[in-house]
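See below for run02.cif, which holds mmCIF, C-alpha atoms and all ligand atoms.
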data_my_file
#
loop_
_atom_site.label_atom_id
_atom_site.label_comp_id
_atom_site.auth_asym_id
_atom_site.auth_seq_id
_atom_site.Cartn_x
_atom_site.Cartn_y
_atom_site.Cartn_z
CA MET I 1 117.80 -45.02 279.01
CA TRP I 2 117.72 -48.77 278.72
CA LEU I 3 114.53 -49.78 276.91
CA PRO I 4 112.44 -52.83 277.81
CA PHE I 5 112.67 -56.00 275.71
CA THR I 6 115.07 -54.15 273.38
CA GLN I 7 118.54 -54.92 272.10
CA MET I 8 119.91 -51.43 272.53
CA LYS I 9 122.26 -51.88 269.58
CA ASP I 10 119.18 -52.20 267.35
CA TYR I 11 117.68 -49.13 268.92
CA GLU I 12 120.80 -47.04 268.38
CA GLU I 13 120.74 -48.00 264.72
CA ALA I 14 117.10 -46.97 264.31
CA PRO I 15 116.07 -44.69 267.18
CA LEU I 16 112.48 -43.56 267.52
CA ILE I 17 111.22 -40.93 269.94
CA ILE I 18 107.49 -40.32 270.16
CA GLU I 19 106.44 -36.82 270.97
CA SER I 20 102.64 -36.90 270.70
CA GLY I 21 99.65 -38.78 269.37
CA GLU I 22 96.13 -38.19 268.13
CA GLY I 23 93.53 -40.77 267.16
CA ILE I 24 95.33 -43.88 266.01
CA ARG I 25 98.45 -41.97 264.95
CA LEU I 26 101.69 -41.31 266.78
CA ARG I 27 104.05 -38.46 265.96
CA ASP I 28 107.82 -38.47 266.53
CA ILE I 29 110.06 -35.53 267.45
CA HIS I 30 110.83 -34.94 263.76
CA GLY I 31 107.15 -34.57 262.90
CA ASN I 32 106.85 -37.99 261.20
CA GLU I 33 103.47 -39.65 261.69
CA TYR I 34 102.81 -43.34 262.12
CA PHE I 35 99.72 -45.50 262.42
CA ASP I 36 99.74 -47.24 265.79
CA GLY I 37 99.50 -50.71 264.21
CA TYR I 38 100.16 -52.50 267.50
CA SER I 39 97.99 -50.32 269.77
CA SER I 40 101.17 -49.16 271.59
CA LEU I 41 101.86 -52.76 272.51
CA TRP I 42 98.30 -54.08 272.54
CA LEU I 43 96.89 -51.45 274.89
CA ASN I 44 95.23 -48.65 273.02
CA VAL I 45 91.51 -49.00 272.33
CA HIS I 46 89.90 -45.69 271.32
CA GLY I 47 92.95 -43.93 269.91
CA HIS I 48 95.17 -41.39 271.64
CA ARG I 49 93.88 -38.24 273.32
CA ARG I 50 90.30 -39.40 273.39
CA PRO I 51 88.51 -36.37 274.92
CA GLU I 52 86.25 -38.34 277.31
CA ILE I 53 89.22 -40.18 278.89
CA ASP I 54 91.37 -37.02 278.98
CA GLU I 55 88.51 -35.23 280.77
CA ALA I 56 87.96 -38.07 283.25
CA VAL I 57 91.63 -38.01 284.25
CA LYS I 58 91.64 -34.20 284.56
CA GLU I 59 88.47 -34.29 286.65
CA GLN I 60 90.01 -36.90 288.93
CA LEU I 61 93.16 -34.78 289.23
CA GLY I 62 90.93 -32.03 290.61
CA ARG I 63 90.09 -34.36 293.50
CA ILE I 64 93.20 -36.46 294.15
CA ALA I 65 95.84 -38.31 292.09
CA HIS I 66 96.60 -41.18 294.42
CA SER I 67 96.09 -42.55 297.90
CA THR I 68 97.02 -46.03 299.08
CA LEU I 69 94.72 -49.03 298.78
CA LEU I 70 96.48 -50.79 301.66
CA GLY I 71 93.81 -50.83 304.32
CA ALA I 72 91.78 -48.09 302.57
CA ALA I 73 89.63 -47.99 299.44
CA ASN I 74 89.03 -45.03 297.13
CA VAL I 75 85.98 -43.97 295.14
CA PRO I 76 86.99 -44.72 291.50
CA SER I 77 88.56 -48.07 292.46
CA ILE I 78 85.23 -49.15 293.99
CA GLN I 79 83.27 -47.95 290.95
CA LEU I 80 85.66 -49.70 288.59
CA ALA I 81 85.54 -52.95 290.58
CA GLU I 82 81.75 -52.90 290.33
CA LYS I 83 81.96 -52.34 286.58
CA LEU I 84 84.55 -55.10 286.06
CA ILE I 85 82.37 -57.57 287.96
CA GLN I 86 79.41 -56.59 285.76
CA ILE I 87 81.23 -57.24 282.47
CA SER I 88 83.25 -60.34 283.41
CA PRO I 89 82.08 -63.98 283.78
CA GLU I 90 79.23 -64.26 286.27
CA ASN I 91 81.12 -66.36 288.87
CA LEU I 92 83.80 -63.67 289.41
CA THR I 93 82.89 -61.40 292.31
CA ARG I 94 86.16 -59.97 293.71
CA VAL I 95 88.75 -57.60 292.23
CA PHE I 96 92.39 -57.34 293.33
CA TYR I 97 94.24 -54.45 291.64
CA SER I 98 97.83 -54.09 290.49
CA ASP I 99 99.76 -52.09 287.89
CA SER I 100 100.76 -54.42 285.04
CA GLY I 101 99.82 -57.66 283.37
CA ALA I 102 102.78 -59.50 284.87
CA GLU I 103 101.77 -58.39 288.36
CA SER I 104 98.19 -59.51 287.79
CA VAL I 105 99.66 -62.93 286.95
CA GLU I 106 102.00 -62.96 289.98
CA ILE I 107 98.95 -62.23 292.09
CA ALA I 108 96.97 -65.03 290.41
CA ILE I 109 99.78 -67.49 291.16
CA LYS I 110 100.23 -66.42 294.77
CA MET I 111 96.47 -66.30 295.30
CA ALA I 112 95.98 -69.82 293.94
CA TYR I 113 98.93 -71.13 295.92
CA GLN I 114 97.78 -69.57 299.20
CA TYR I 115 94.17 -70.57 298.57
CA TRP I 116 95.21 -74.19 298.96
CA GLN I 117 97.52 -73.39 301.88
CA ASN I 118 94.65 -71.64 303.65
CA LYS I 119 92.38 -74.62 302.94
CA GLY I 120 94.92 -76.96 304.56
CA ARG I 121 95.90 -78.58 301.23
CA THR I 122 99.54 -77.61 301.68
CA GLU I 123 100.80 -80.14 299.15
CA LYS I 124 99.03 -78.38 296.27
CA THR I 125 101.93 -76.13 295.21
CA LYS I 126 102.57 -76.83 291.52
CA PHE I 127 101.36 -75.06 288.39
CA VAL I 128 100.60 -76.33 284.92
CA THR I 129 101.02 -74.21 281.81
CA LEU I 130 101.03 -74.69 278.04
CA THR I 131 104.14 -74.76 275.89
CA ASN I 132 104.77 -71.47 274.09
CA GLY I 133 102.75 -69.65 276.77
CA TYR I 134 103.58 -66.13 277.92
CA HIS I 135 102.36 -64.37 281.06
CA GLY I 136 104.78 -61.49 281.61
CA ASP I 137 108.40 -60.99 282.63
CA THR I 138 108.56 -61.10 286.43
CA VAL I 139 110.04 -64.24 287.98
CA GLY I 140 106.71 -65.84 288.92
CA ALA I 141 105.22 -65.02 285.52
CA ILE I 142 108.18 -66.49 283.62
CA SER I 143 107.98 -69.59 285.83
CA VAL I 144 104.52 -70.27 284.41
CA GLY I 145 105.60 -69.15 280.96
CA SER I 146 107.14 -71.39 278.38
CA ILE I 147 108.87 -69.47 275.60
CA ASP I 148 112.36 -70.86 275.51
CA ILE I 149 114.18 -67.91 273.94
CA TYR I 150 112.85 -65.48 276.55
CA HIS I 151 113.07 -67.77 279.56
CA ARG I 152 116.09 -70.05 279.09
CA VAL I 153 118.64 -67.66 280.54
CA TYR I 154 116.65 -67.34 283.79
CA SER I 155 115.98 -71.07 284.21
CA ALA I 156 117.87 -71.38 287.52
CA LEU I 157 115.78 -68.54 288.94
CA MET I 158 112.42 -70.01 288.04
CA PHE I 159 110.24 -72.42 290.02
CA HIS I 160 109.28 -75.58 288.18
CA SER I 161 105.95 -75.80 286.37
CA PHE I 162 104.59 -78.58 284.16
CA ALA I 163 104.46 -77.34 280.54
CA LEU I 164 102.09 -79.39 278.36
CA PRO I 165 101.70 -79.09 274.60
CA PHE I 166 99.66 -76.22 273.19
CA PRO I 167 97.29 -77.81 270.64
CA SER I 168 98.54 -76.56 267.31
CA ALA I 169 98.48 -78.37 263.97
CA LYS I 170 101.76 -76.64 263.21
CA TRP I 171 103.66 -78.36 266.02
CA HIS I 172 101.84 -81.70 266.11
CA PRO I 173 103.49 -84.54 264.16
CA SER I 174 100.19 -85.27 262.38
CA GLY I 175 99.80 -81.67 261.23
CA ASN I 176 96.15 -82.05 262.23
CA GLU I 177 94.46 -79.66 264.65
CA GLN I 178 91.88 -82.12 265.97
CA MET I 179 94.59 -84.65 266.80
CA ALA I 180 96.74 -81.96 268.41
CA LYS I 181 93.76 -81.00 270.56
CA GLU I 182 92.98 -84.59 271.60
CA ASP I 183 96.61 -85.35 272.44
CA SER I 184 97.05 -82.19 274.44
CA LEU I 185 93.87 -82.85 276.45
CA SER I 186 94.82 -86.45 277.07
CA GLU I 187 98.30 -85.45 278.30
CA ILE I 188 96.76 -82.92 280.67
CA HIS I 189 94.22 -85.49 281.82
CA ASP I 190 97.02 -88.00 282.56
CA LEU I 191 99.11 -85.43 284.38
CA PHE I 192 96.13 -84.37 286.51
CA GLU I 193 95.22 -88.00 287.22
CA LYS I 194 98.71 -88.75 288.53
CA ASN I 195 99.56 -85.43 290.17
CA HIS I 196 96.39 -83.50 291.00
CA GLU I 197 97.15 -83.78 294.73
CA GLN I 198 100.20 -81.56 294.07
CA ILE I 199 98.67 -79.23 291.50
CA SER I 200 97.41 -75.83 292.57
CA GLY I 201 96.36 -74.34 289.23
CA LEU I 202 96.41 -74.48 285.45
CA ILE I 203 97.17 -71.15 283.78
CA VAL I 204 96.51 -70.41 280.12
CA GLU I 205 96.17 -67.42 277.85
CA SER I 206 92.55 -67.15 276.88
CA MET I 207 91.96 -68.45 273.30
CA VAL I 208 95.08 -66.82 271.79
CA GLN I 209 98.73 -67.24 272.71
CA GLY I 210 99.79 -63.67 271.97
CA ALA I 211 103.51 -63.21 272.59
CA GLY I 212 104.13 -66.79 271.44
CA GLY I 213 103.16 -65.67 267.92
CA MET I 214 99.35 -65.32 267.82
CA HIS I 215 98.41 -68.99 268.02
CA ILE I 216 94.71 -69.72 268.38
CA MET I 217 93.21 -72.54 270.41
CA PRO I 218 90.99 -75.03 268.58
CA VAL I 219 87.25 -74.65 269.17
CA GLY I 220 86.15 -76.37 272.38
CA TYR I 221 89.65 -76.69 273.86
CA LEU I 222 89.39 -73.96 276.51
CA LYS I 223 86.05 -75.37 277.68
CA GLU I 224 87.56 -78.85 278.02
CA LEU I 225 90.43 -77.45 280.06
CA GLU I 226 87.87 -75.89 282.39
CA GLN I 227 86.14 -79.24 282.78
CA LEU I 228 89.40 -81.07 283.49
CA CYS I 229 90.22 -78.52 286.19
CA ARG I 230 86.81 -79.02 287.80
CA LYS I 231 87.12 -82.80 287.68
CA PHE I 232 90.55 -82.84 289.34
CA ASN I 233 90.09 -79.93 291.77
CA VAL I 234 92.65 -77.68 290.13
CA LEU I 235 92.11 -73.91 289.97
CA PHE I 236 91.54 -72.68 286.42
CA ILE I 237 93.46 -69.43 285.86
CA VAL I 238 92.78 -67.57 282.63
CA ASP I 239 95.07 -64.77 281.49
CA GLU I 240 93.08 -62.13 279.60
CA VAL I 241 95.83 -59.49 279.73
CA ALA I 242 96.20 -59.43 275.93
CA THR I 243 92.80 -60.77 274.88
CA GLY I 244 90.54 -58.79 277.21
CA PHE I 245 88.56 -55.65 276.37
CA GLY I 246 87.30 -56.51 272.93
CA ARG I 247 90.50 -57.61 271.18
CA THR I 248 89.12 -60.96 270.06
CA GLY I 249 85.67 -59.68 269.11
CA LYS I 250 84.20 -60.44 272.58
CA MET I 251 84.65 -58.33 275.72
CA PHE I 252 86.69 -61.24 277.16
CA ALA I 253 87.92 -64.18 275.10
CA VAL I 254 86.45 -66.70 277.59
CA GLU I 255 83.05 -65.70 276.16
CA HIS I 256 83.90 -67.57 272.95
CA GLU I 257 83.53 -70.78 274.97
CA GLY I 258 81.29 -69.80 277.89
CA VAL I 259 84.14 -70.53 280.30
CA LEU I 260 83.96 -69.63 284.00
CA PRO I 261 87.52 -69.36 285.35
CA ASP I 262 88.38 -69.40 289.05
CA ILE I 263 90.85 -66.57 288.56
CA MET I 264 91.09 -64.16 285.63
CA THR I 265 93.83 -61.59 284.98
CA MET I 266 93.42 -58.38 282.99
CA ALA I 267 95.49 -55.28 282.19
CA LYS I 268 96.48 -53.55 278.90
CA GLY I 269 93.12 -52.40 277.42
CA ILE I 270 91.53 -51.85 280.85
CA THR I 271 92.31 -48.10 280.78
CA GLY I 272 92.04 -47.81 276.99
CA GLY I 273 95.84 -47.71 276.96
CA TYR I 274 96.13 -44.66 279.20
CA LEU I 275 97.49 -45.65 282.60
CA PRO I 276 98.97 -48.71 284.30
CA ILE I 277 96.06 -50.49 285.95
CA ALA I 278 95.71 -54.27 286.10
CA ALA I 279 93.35 -56.56 287.98
CA THR I 280 93.04 -60.15 289.12
CA LEU I 281 89.42 -61.22 289.49
CA THR I 282 88.32 -64.22 291.48
CA THR I 283 85.35 -66.07 292.93
CA GLU I 284 83.67 -65.77 296.30
CA GLU I 285 85.01 -69.25 297.13
CA VAL I 286 88.63 -68.12 296.70
CA TYR I 287 88.01 -64.81 298.49
CA GLN I 288 86.38 -66.51 301.48
CA ALA I 289 89.39 -68.79 301.95
CA PHE I 290 91.42 -65.68 302.87
CA TYR I 291 88.75 -64.19 305.17
CA GLY I 292 89.03 -64.60 308.95
CA GLU I 293 90.74 -63.38 312.11
CA TYR I 294 94.13 -61.73 311.53
CA THR I 295 95.70 -64.26 313.90
CA GLU I 296 94.65 -67.10 311.58
CA MET I 297 97.27 -65.71 309.14
CA LYS I 298 95.02 -66.13 306.11
CA THR I 299 95.66 -62.57 304.87
CA PHE I 300 96.83 -62.19 301.29
CA PHE I 301 100.23 -60.61 301.89
CA HIS I 302 100.58 -58.85 298.56
CA GLY I 303 100.32 -55.25 297.39
CA HIS I 304 102.03 -52.48 295.42
CA SER I 305 102.44 -48.80 296.23
CA TYR I 306 100.28 -47.60 293.34
CA THR I 307 97.65 -50.35 293.50
CA GLY I 308 94.18 -48.97 292.68
CA ASN I 309 95.52 -45.60 291.55
CA GLN I 310 92.64 -43.10 291.25
CA LEU I 311 93.74 -41.53 287.95
CA GLY I 312 94.04 -44.96 286.36
CA CYS I 313 90.68 -46.12 287.69
CA ALA I 314 89.03 -42.91 286.43
CA ALA I 315 90.55 -43.52 282.97
CA ALA I 316 89.33 -47.13 283.05
CA LEU I 317 85.78 -46.06 283.94
CA ALA I 318 85.72 -43.57 281.07
CA ASN I 319 87.17 -46.24 278.77
CA LEU I 320 84.42 -48.72 279.68
CA ASP I 321 81.75 -46.03 279.25
CA ILE I 322 82.86 -45.51 275.65
CA PHE I 323 82.78 -49.27 275.06
CA GLU I 324 79.13 -49.28 276.13
CA LYS I 325 78.05 -46.09 274.37
CA GLU I 326 79.57 -47.12 271.06
CA GLY I 327 78.87 -50.86 271.15
CA LEU I 328 82.57 -51.14 270.48
CA VAL I 329 82.93 -54.90 270.97
CA GLU I 330 80.34 -55.62 268.26
CA GLN I 331 82.00 -53.04 266.02
CA ALA I 332 85.39 -54.67 266.58
CA ALA I 333 83.96 -58.05 265.60
CA LYS I 334 82.71 -56.56 262.30
CA LYS I 335 86.04 -54.84 261.66
CA ALA I 336 87.77 -58.16 262.26
CA GLU I 337 85.73 -59.70 259.42
CA TYR I 338 86.80 -56.87 257.17
CA VAL I 339 90.46 -57.32 258.14
CA GLU I 340 90.16 -61.05 257.47
CA ARG I 341 89.00 -60.32 253.92
CA LEU I 342 91.95 -57.98 253.27
CA MET I 343 94.35 -60.43 254.87
CA ALA I 344 93.44 -62.98 252.20
CA GLU I 345 95.46 -60.92 249.71
CA ILE I 346 98.48 -60.81 251.99
CA ASN I 347 98.13 -64.53 252.52
CA GLU I 348 98.78 -65.06 248.82
CA LEU I 349 102.26 -63.52 248.97
CA PRO I 350 105.01 -66.09 248.35
CA HIS I 351 106.71 -65.81 251.76
CA VAL I 352 103.60 -65.63 253.90
CA GLY I 353 103.38 -69.04 255.57
CA GLU I 354 100.29 -68.54 257.65
CA ILE I 355 97.97 -65.82 258.89
CA ARG I 356 96.44 -66.36 262.31
CA GLN I 357 93.63 -64.11 263.48
CA LEU I 358 91.01 -63.94 266.19
CA GLY I 359 89.14 -60.64 266.25
CA LEU I 360 91.65 -57.83 265.86
CA MET I 361 94.60 -59.92 267.04
CA CYS I 362 96.51 -60.93 263.93
CA GLY I 363 99.84 -62.58 263.21
CA ILE I 364 101.39 -62.88 259.75
CA GLU I 365 104.10 -65.51 259.73
CA LEU I 366 106.90 -65.15 257.18
CA VAL I 367 108.61 -68.32 255.94
CA LYS I 368 111.40 -69.06 253.52
CA ASP I 369 109.37 -71.72 251.72
CA LYS I 370 105.61 -71.32 251.48
CA LYS I 371 105.02 -74.99 250.66
CA THR I 372 107.21 -76.71 253.25
CA LYS I 373 106.89 -73.82 255.77
CA GLU I 374 110.66 -73.89 256.22
CA PRO I 375 111.50 -70.81 258.32
CA PHE I 376 114.02 -68.14 257.44
CA PRO I 377 117.30 -68.44 259.34
CA PHE I 378 116.85 -66.75 262.73
CA GLU I 379 119.67 -64.25 262.07
CA GLU I 380 117.99 -62.89 258.92
CA ARG I 381 115.29 -61.29 261.11
CA MET I 382 112.91 -60.99 258.19
CA ALA I 383 109.87 -59.83 260.14
CA TYR I 384 111.96 -57.29 262.04
CA ARG I 385 113.28 -55.91 258.75
CA ALA I 386 109.77 -55.78 257.33
CA THR I 387 108.59 -53.79 260.37
CA LEU I 388 111.42 -51.28 259.87
CA ARG I 389 110.17 -50.78 256.33
CA MET I 390 106.63 -50.36 257.70
CA ARG I 391 107.97 -47.62 259.92
CA GLU I 392 109.34 -45.82 256.87
CA LEU I 393 105.97 -46.24 255.20
CA GLY I 394 104.14 -44.80 258.22
CA MET I 395 103.09 -47.62 260.54
CA LEU I 396 104.54 -48.99 263.78
CA THR I 397 104.44 -52.56 264.99
CA ARG I 398 106.78 -55.10 266.60
CA PRO I 399 107.31 -58.61 265.35
CA LEU I 400 107.32 -61.82 267.38
CA GLY I 401 110.14 -63.84 265.83
CA ASP I 402 109.17 -64.05 262.16
CA THR I 403 105.55 -63.24 262.85
CA ILE I 404 104.40 -59.70 262.11
CA VAL I 405 101.82 -58.52 264.61
CA PHE I 406 98.83 -56.51 263.49
CA MET I 407 96.75 -55.40 266.45
CA PRO I 408 95.22 -52.01 265.67
CA PRO I 409 93.21 -49.92 268.15
CA LEU I 410 89.59 -51.14 268.12
CA ALA I 411 88.48 -47.64 267.12
CA SER I 412 90.46 -47.70 263.83
CA SER I 413 88.20 -46.75 260.95
CA TYR I 414 87.73 -49.01 257.92
CA GLU I 415 89.80 -46.57 255.91
CA GLU I 416 92.62 -46.64 258.46
CA LEU I 417 92.55 -50.43 258.58
CA THR I 418 92.81 -50.53 254.80
CA LYS I 419 95.77 -48.14 254.78
CA MET I 420 97.60 -50.08 257.50
CA LEU I 421 97.14 -53.36 255.67
CA GLN I 422 98.42 -51.74 252.45
CA ILE I 423 101.56 -50.69 254.32
CA ILE I 424 102.03 -54.21 255.71
CA LYS I 425 101.68 -55.70 252.25
CA GLN I 426 104.04 -53.23 250.60
CA ALA I 427 106.65 -53.68 253.33
CA ILE I 428 106.57 -57.47 253.01
CA VAL I 429 106.81 -57.25 249.23
CA GLU I 430 109.72 -54.81 249.30
CA THR I 431 111.65 -56.41 252.15
CA LEU I 432 111.45 -59.87 250.66
CA ASN I 433 111.80 -58.68 247.05
CA VAL I 434 108.63 -60.47 246.17
CA LYS I 435 107.24 -60.13 242.67
CA VAL I 436 103.54 -59.46 242.92
CA HIS I 437 101.15 -60.33 240.11
CA THR I 438 98.33 -57.85 240.18
CA LYS I 439 95.04 -59.08 238.83
N1 LIG I 501 99.98 -61.90 280.02
C1 LIG I 501 99.83 -61.87 278.69
C2 LIG I 501 98.94 -62.86 278.03
C3 LIG I 501 100.48 -60.89 277.92
O1 LIG I 501 100.35 -60.89 276.59
C4 LIG I 501 101.29 -59.95 278.59
C5 LIG I 501 102.01 -58.91 277.83
O2 LIG I 501 102.08 -58.91 276.63
C6 LIG I 501 101.43 -60.03 279.98
C7 LIG I 501 100.76 -61.01 280.67
C8 LIG I 501 102.29 -59.06 280.71
O3 LIG I 501 101.70 -57.82 280.77
P1 LIG I 501 102.57 -56.53 281.14
O4 LIG I 501 103.45 -56.28 279.96
O5 LIG I 501 101.55 -55.46 281.36
O6 LIG I 501 103.33 -56.88 282.36
#

Target format structure tokens, applied to this file:
Amino acid sequence: MWLPFTQMKDYEEAPLIIESGEGIRLRDIHGNEYFDGYSSLWLNVHGHRRPEIDEAVKEQLGRIAHSTLLGAANVPSIQLAEKLIQISPENLTRVFYSDSGAESVEIAIKMAYQYWQNKGRTEKTKFVTLTNGYHGDTVGAISVGSIDIYHRVYSALMFHSFALPFPSAKWHPSGNEQMAKEDSLSEIHDLFEKNHEQISGLIVESMVQGAGGMHIMPVGYLKELEQLCRKFNVLFIVDEVATGFGRTGKMFAVEHEGVLPDIMTMAKGITGGYLPIAATLTTEEVYQAFYGEYTEMKTFFHGHSYTGNQLGCAAALANLDIFEKEGLVEQAAKKAEYVERLMAEINELPHVGEIRQLGLMCGIELVKDKKTKEPFPFEERMAYRATLRMRELGMLTRPLGDTIVFMPPLASSYEELTKMLQIIKQAIVETLNVKVHTK
């Protein structure tokens, strides 16, 4: 095998083969158990082998596993679409399925692009994104992404997008968040003013830049982006692939700011981490621009073989039922407060430069110098080494550069959260040979 996003040399040095899982634990072929500290890459919600979701998939198997959505609907995909419309921002009324977050973004881009083509605004072809943004690994998604180390090698393959500064105190010369926010908004305003006739859409991760290292937008920023898009007639595309389904303490992160996007993407937590379903939601206005006689050539020419898969939709429906029954989003928000309190201790460690958290999305950035925030040399791979130690101590996660990700399943108990954070702390201390003064 050739594993995704993996230097295979690393893998050969420290192979891991998962054999089973139960609750928030994974078990490898040698019988070692690990906490799933990254929700199996930000997907898992209720733990593994949750009986209600298992049953829903089995029940669906008794009817049919898959039939195409091209020119035909199926029962669970209709039920799920109805549910998604109920729980997402009120202006979103249409659901277009796919199988992964990147595809949901490709669809958002093509949908926005063709929307303007269908409306006769053929010059509106460009996209705007934020620096350090990530939207998946397919060519369209990397073209609206902006993480240099992932994207540089493919630059000749990508179409050009405008990348404007993400508002972070860390990267702004003033070191001040408010100024970073104002500058970012004013640059976007100026770009829109000059180029809005060519701009199709602005795409951003909702509230948190995940893969870029868990960077959180300043309060009010997302709302102002929405308003700029409205003012300049640019479609506002919000990527909720990582942030959706309770991760940030709201069902969708747009709720933090009461934002109504024109297009919203979702994947990962949609099936509770069971099966590959993704969706791109949009407004009636966008949908209607594609509606007409076949000969008008307004059709959205996009689809995948497994789009709207019945097993996946059945798992997603069961997943959303549990959310409702257990009031899981509210619970996750409370757990996030608890995690924040425990994180304060980790934040005191000498090589912890910053902890960034919204809900149960957390990043712990390791630095060489706590005061100046000087990073460790890239080749030392400190966070990677710390995560290998965490594995030995019984927890799995993957770092983003020198940022350790902590993104536990929402269903983790308080006790499990405590244990996972103890492992993180111990691994940092041991990997960096930090002397800890206990009170
Ligand atoms: N968009 C965002 C914000 C993501 O964080 C990710 C994955 O981490 C994606 C898109 C891509 O999703 P997938 O890995 O399912 O293609």

Requested in this report: Counting all atoms listed in the file, select every polymer residue within 6 Å of (94.2, -58.9, 286.0) as defined in the file's coordinates, and provide the selection as a VMD selection string.
Outcome: chain I and resid 104 265 to 267 278 to 280

Query - Long-range neighbours of I:Leu43 as an MDAnalysis selection string, 6 Å cut-off, all atoms listed in the file, 2 positions minimum in chain - result: chainID I and resid 39:41 268:269 273

Requested in this report: Would you mind telling me which residue in I:Tyr154, I:Phe127, I:Phe301, I:Phe5 lies nearest to ligand LIG 501 (chain I) when using only C-alpha atoms and all ligand atoms?
Outcome: I:Phe5

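Atom CA of I:Cys313 is positioned 20.1 Å from atom CA of I:Asp239.
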
Centre and edges of the stretch 174-185 of chain I box, axis-aligned, 5 Å extra per side, as AutoDock Vina command-line options:
--center_x 96.0 --center_y -82.5 --center_z 268.8 --size_x 18.3 --size_y 15.7 --size_z 25.2

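Proximity ranking of I:Ala163, I:Ile216, I:Leu281, I:Ile78 relative to I:Arg94 places I:Leu281 first, based on only C-alpha atoms.
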
Close residues to ligand LIG 501 (chain I) using all atoms listed in the file, limit 6 Å, as a PDB file with C-alpha atoms, in the coordinates of the input:
ATOM      1  CA  SER I 100     100.760 -54.420 285.040  1.00  0.00           C
ATOM      2  CA  GLY I 101      99.820 -57.660 283.370  1.00  0.00           C
ATOM      3  CA  ALA I 102     102.780 -59.500 284.870  1.00  0.00           C
ATOM      4  CA  TYR I 134     103.580 -66.130 277.920  1.00  0.00           C
ATOM      5  CA  HIS I 135     102.360 -64.370 281.060  1.00  0.00           C
ATOM      6  CA  GLY I 136     104.780 -61.490 281.610  1.00  0.00           C
ATOM      7  CA  GLU I 205      96.170 -67.420 277.850  1.00  0.00           C
ATOM      8  CA  GLY I 210      99.790 -63.670 271.970  1.00  0.00           C
ATOM      9  CA  ALA I 211     103.510 -63.210 272.590  1.00  0.00           C
ATOM     10  CA  ASP I 239      95.070 -64.770 281.490  1.00  0.00           C
ATOM     11  CA  VAL I 241      95.830 -59.490 279.730  1.00  0.00           C
ATOM     12  CA  ALA I 242      96.200 -59.430 275.930  1.00  0.00           C
ATOM     13  CA  LYS I 268      96.480 -53.550 278.900  1.00  0.00           C
TER      14      LYS I 268
END

Query raised in the report: From the set I:Pro276, I:Thr243, I:Ile404, I:Pro261, which residue has the shortest atom-to-atom contact distance to I:Ala314, counting all atoms listed in the file?
Result: I:Pro276

Requested in this report: Return the single residue from I:Glu90, I:Glu197, I:His189, I:Phe96 that is closest to I:Arg121, with distances computed using all atoms listed in the file.
Outcome: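 The answer is I:Glu197, which sits nearest to I:Arg121.
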
**Report entry** Protein, DNA and RNA residues within 10 Å of (86.1, -45.0, 289.7), only C-alpha atoms, as a VMD selection string
**Finding:** chain I and resid 56 60 74 to 83 308 to 318

C-alpha atoms of the current selection, written as a PDB file, in the coordinates of the input:
ATOM      1  CA  ALA I  56      87.960 -38.070 283.250  1.00  0.00           C
ATOM      2  CA  GLN I  60      90.010 -36.900 288.930  1.00  0.00           C
ATOM      3  CA  ASN I  74      89.030 -45.030 297.130  1.00  0.00           C
ATOM      4  CA  VAL I  75      85.980 -43.970 295.140  1.00  0.00           C
ATOM      5  CA  PRO I  76      86.990 -44.720 291.500  1.00  0.00           C
ATOM      6  CA  SER I  77      88.560 -48.070 292.460  1.00  0.00           C
ATOM      7  CA  ILE I  78      85.230 -49.150 293.990  1.00  0.00           C
ATOM      8  CA  GLN I  79      83.270 -47.950 290.950  1.00  0.00           C
ATOM      9  CA  LEU I  80      85.660 -49.700 288.590  1.00  0.00           C
ATOM     10  CA  ALA I  81      85.540 -52.950 290.580  1.00  0.00           C
ATOM     11  CA  GLU I  82      81.750 -52.900 290.330  1.00  0.00           C
ATOM     12  CA  LYS I  83      81.960 -52.340 286.580  1.00  0.00           C
ATOM     13  CA  GLY I 308      94.180 -48.970 292.680  1.00  0.00           C
ATOM     14  CA  ASN I 309      95.520 -45.600 291.550  1.00  0.00           C
ATOM     15  CA  GLN I 310      92.640 -43.100 291.250  1.00  0.00           C
ATOM     16  CA  LEU I 311      93.740 -41.530 287.950  1.00  0.00           C
ATOM     17  CA  GLY I 312      94.040 -44.960 286.360  1.00  0.00           C
ATOM     18  CA  CYS I 313      90.680 -46.120 287.690  1.00  0.00           C
ATOM     19  CA  ALA I 314      89.030 -42.910 286.430  1.00  0.00           C
ATOM     20  CA  ALA I 315      90.550 -43.520 282.970  1.00  0.00           C
ATOM     21  CA  ALA I 316      89.330 -47.130 283.050  1.00  0.00           C
ATOM     22  CA  LEU I 317      85.780 -46.060 283.940  1.00  0.00           C
ATOM     23  CA  ALA I 318      85.720 -43.570 281.070  1.00  0.00           C
TER      24      ALA I 318
END

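Minimum atom-to-atom distance to I:Met297, evaluated using all atoms listed in the file, belongs to I:Gln114 out of I:Thr6, I:Tyr38, I:Gln114, I:Leu26.
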
Query - Selection: 12 Å around I:Ile237, all atoms listed in the file, excl. self and same-chain fewer than 2 positions, as a VMD selection string - result: chain I and resid 92 104 to 113 127 to 129 135 144 200 to 206 222 225 to 226 229 to 230 234 to 235 239 to 241 254 259 to 266 280 to 283 286

Query - Residue among I:Ala427, I:Met251, I:Leu388, I:Val434 lying closest to I:Glu13, counting all atoms listed in the file - result: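 Answer, going by the shortest atom-to-atom distance: I:Leu388.
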
Report task. Please provide as a list in words all residues within 6 Å of stretch 349-358 of chain I, with the sequence filter that same-chain residues fewer than 2 positions apart are discarded (counting only C-alpha atoms). Result ->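 Here the qualifying residues turn out to be Thr248, Ile346, Asn347, Met361, Cys362, Gly363, Ile364, Glu365, Leu366, Val367, Lys368, Lys370 and Lys373 of chain I.
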